[in-house]
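Source file: upload-v8.cif. Holds: mmCIF, C-alpha atoms.
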data_query
#
loop_
_atom_site.group_PDB
_atom_site.id
_atom_site.type_symbol
_atom_site.label_atom_id
_atom_site.label_comp_id
_atom_site.auth_asym_id
_atom_site.auth_seq_id
_atom_site.Cartn_x
_atom_site.Cartn_y
_atom_site.Cartn_z
ATOM 1 C CA MET A 264 -34.155 -15.991 -23.387
ATOM 2 C CA LYS A 265 -33.912 -18.955 -25.729
ATOM 3 C CA LYS A 266 -37.630 -18.736 -26.509
ATOM 4 C CA GLU A 267 -37.300 -15.020 -27.264
ATOM 5 C CA SER A 268 -34.186 -15.492 -29.403
ATOM 6 C CA LEU A 269 -36.020 -18.027 -31.602
ATOM 7 C CA LYS A 270 -38.245 -15.149 -32.785
ATOM 8 C CA TYR A 271 -35.223 -13.784 -34.701
ATOM 9 C CA PRO A 272 -33.732 -16.776 -36.575
ATOM 10 C CA GLN A 273 -31.884 -14.524 -39.031
ATOM 11 C CA VAL A 274 -29.801 -13.001 -36.211
ATOM 12 C CA LYS A 275 -26.720 -15.013 -35.231
ATOM 13 C CA PHE A 276 -25.950 -13.156 -31.987
ATOM 14 C CA ILE A 277 -28.264 -11.280 -29.630
ATOM 15 C CA GLY A 278 -26.853 -9.028 -26.939
ATOM 16 C CA TRP A 279 -28.892 -9.374 -23.741
ATOM 17 C CA ASP A 280 -28.339 -6.572 -21.236
ATOM 18 C CA PHE A 281 -29.156 -7.149 -17.578
ATOM 19 C CA ALA A 282 -28.427 -5.366 -14.328
ATOM 20 C CA ILE A 283 -28.496 -6.698 -10.786
ATOM 21 C CA GLY A 284 -31.060 -5.018 -8.539
ATOM 22 C CA GLU A 285 -30.700 -4.117 -4.897
ATOM 23 C CA ASP A 286 -32.430 -7.406 -4.073
ATOM 24 C CA ASN A 287 -29.742 -9.273 -6.096
ATOM 25 C CA GLU A 288 -32.315 -10.233 -8.731
ATOM 26 C CA PRO A 289 -31.584 -9.704 -12.442
ATOM 27 C CA ILE A 290 -33.314 -6.808 -14.169
ATOM 28 C CA PHE A 291 -33.763 -7.056 -17.929
ATOM 29 C CA ILE A 292 -32.740 -3.816 -19.652
ATOM 30 C CA GLU A 293 -32.715 -4.485 -23.395
ATOM 31 C CA PHE A 294 -31.591 -6.750 -26.186
ATOM 32 C CA ASN A 295 -29.613 -5.810 -29.268
ATOM 33 C CA LEU A 296 -30.223 -7.507 -32.603
ATOM 34 C CA THR A 297 -27.528 -5.763 -34.623
ATOM 35 C CA GLN A 298 -24.229 -7.444 -35.303
ATOM 36 C CA SER A 299 -22.361 -4.255 -36.073
ATOM 37 C CA ASP A 300 -20.448 -3.955 -32.806
ATOM 38 C CA PRO A 301 -16.759 -3.717 -33.775
ATOM 39 C CA GLU A 302 -15.777 -5.210 -30.419
ATOM 40 C CA LEU A 303 -17.633 -8.480 -31.060
ATOM 41 C CA LEU A 304 -14.778 -10.199 -32.888
ATOM 42 C CA ASN A 305 -12.325 -8.946 -30.271
ATOM 43 C CA ILE A 306 -14.453 -10.423 -27.489
ATOM 44 C CA ILE A 307 -14.785 -13.753 -29.304
ATOM 45 C CA THR A 308 -11.154 -14.119 -30.288
ATOM 46 C CA HIS A 309 -9.450 -12.664 -27.200
ATOM 47 C CA GLY A 310 -11.960 -12.994 -24.379
ATOM 48 C CA GLU A 311 -11.925 -15.698 -21.751
ATOM 49 C CA ILE A 312 -15.670 -16.275 -21.944
ATOM 50 C CA PHE A 313 -15.519 -18.080 -25.312
ATOM 51 C CA ARG A 314 -12.109 -19.728 -24.843
ATOM 52 C CA GLY A 315 -12.036 -22.939 -26.879
ATOM 53 C CA TYR A 316 -15.167 -22.146 -28.891
ATOM 54 C CA GLU A 317 -13.800 -19.391 -31.151
ATOM 55 C CA LYS A 318 -13.748 -21.377 -34.396
ATOM 56 C CA ARG A 319 -17.251 -22.790 -33.894
ATOM 57 C CA ILE A 320 -18.665 -19.339 -33.118
ATOM 58 C CA LEU A 321 -16.974 -17.646 -36.067
ATOM 59 C CA ASP A 322 -17.947 -20.452 -38.477
ATOM 60 C CA PHE A 323 -21.557 -20.108 -37.356
ATOM 61 C CA ALA A 324 -21.493 -16.313 -37.589
ATOM 62 C CA PHE A 325 -20.102 -16.326 -41.105
ATOM 63 C CA GLY A 326 -22.364 -19.087 -42.420
ATOM 64 C CA LYS A 327 -19.785 -21.863 -42.620
ATOM 65 C CA SER A 328 -21.763 -23.920 -40.120
ATOM 66 C CA LYS A 329 -25.489 -24.108 -39.364
ATOM 67 C CA LYS A 330 -24.941 -25.385 -35.823
ATOM 68 C CA LEU A 331 -23.062 -24.045 -32.823
#
Any chance you could give the structure as structure tokens?
Amino acid sequence: MKKESLKYPQVKFIGWDFAIGEDNEPIFIEFNLTQSDPELLNIITHGEIFRGYEKRILDFAFGKSKKL
């Protein structure tokens, strides 16, 4: 995924969608390059997955930092 994401350096976040198959192996469905999802900020600021990294992520997303 990292190799693929490097093809789109102008995109700050890529949404990778996977499912789990009957054999418990991941199945790639799609990726989303748009950053227009209104839930993104809610996920970053209120979700457990990014707990402790909110400021770094938002600074990167809004161009205040070049590095995550």
Seminar exercise, completed: re CA of Pro289 (chain A) and CA of Phe276 (chain A): distance 20.6 Å
Problem set entry | Between CA of Phe325 (chain A) and CA of Glu311 (chain A) - distance in Å to one decimal |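 Here the two named atoms are 21.0 Å from each other.
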For this session: Evaluate the PyMOL selection byres ((chain A and resi 275) around 8) on the structure here and hand back the selected residues as a list in words.
Result: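 When the PyMOL selection byres ((chain A and resi 275) around 8) is applied to the shown file, the picked residues are Pro272, Gln273, Val274, Phe276, Ile277, Gln298, Phe323 and Ala324 of chain A.
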Problem set entry | Length of the CA of Ile292 (chain A) to CA of Gly278 (chain A) vector [Å] |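 Rounded to one decimal, the two atoms are 10.7 Å apart.
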Exercise. Counting all atoms listed in the file, which residues come within 10 Å of (-19.8, -29.1, -30.1), with the point read in the file's coordinates, and could you list them as a list in words?
Worked result: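 Protein, DNA and RNA residues close to (-19.8, -29.1, -30.1): Tyr316, Arg319, Lys330 and Leu331 of chain A.
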Exercise. Could you spell out the hits of the PyMOL selection byres ((chain A and resi 264) around 12) on the shown file, as an MDAnalysis selection string?
Worked result: chainID A and resid 265:271 277:281 291 293:294
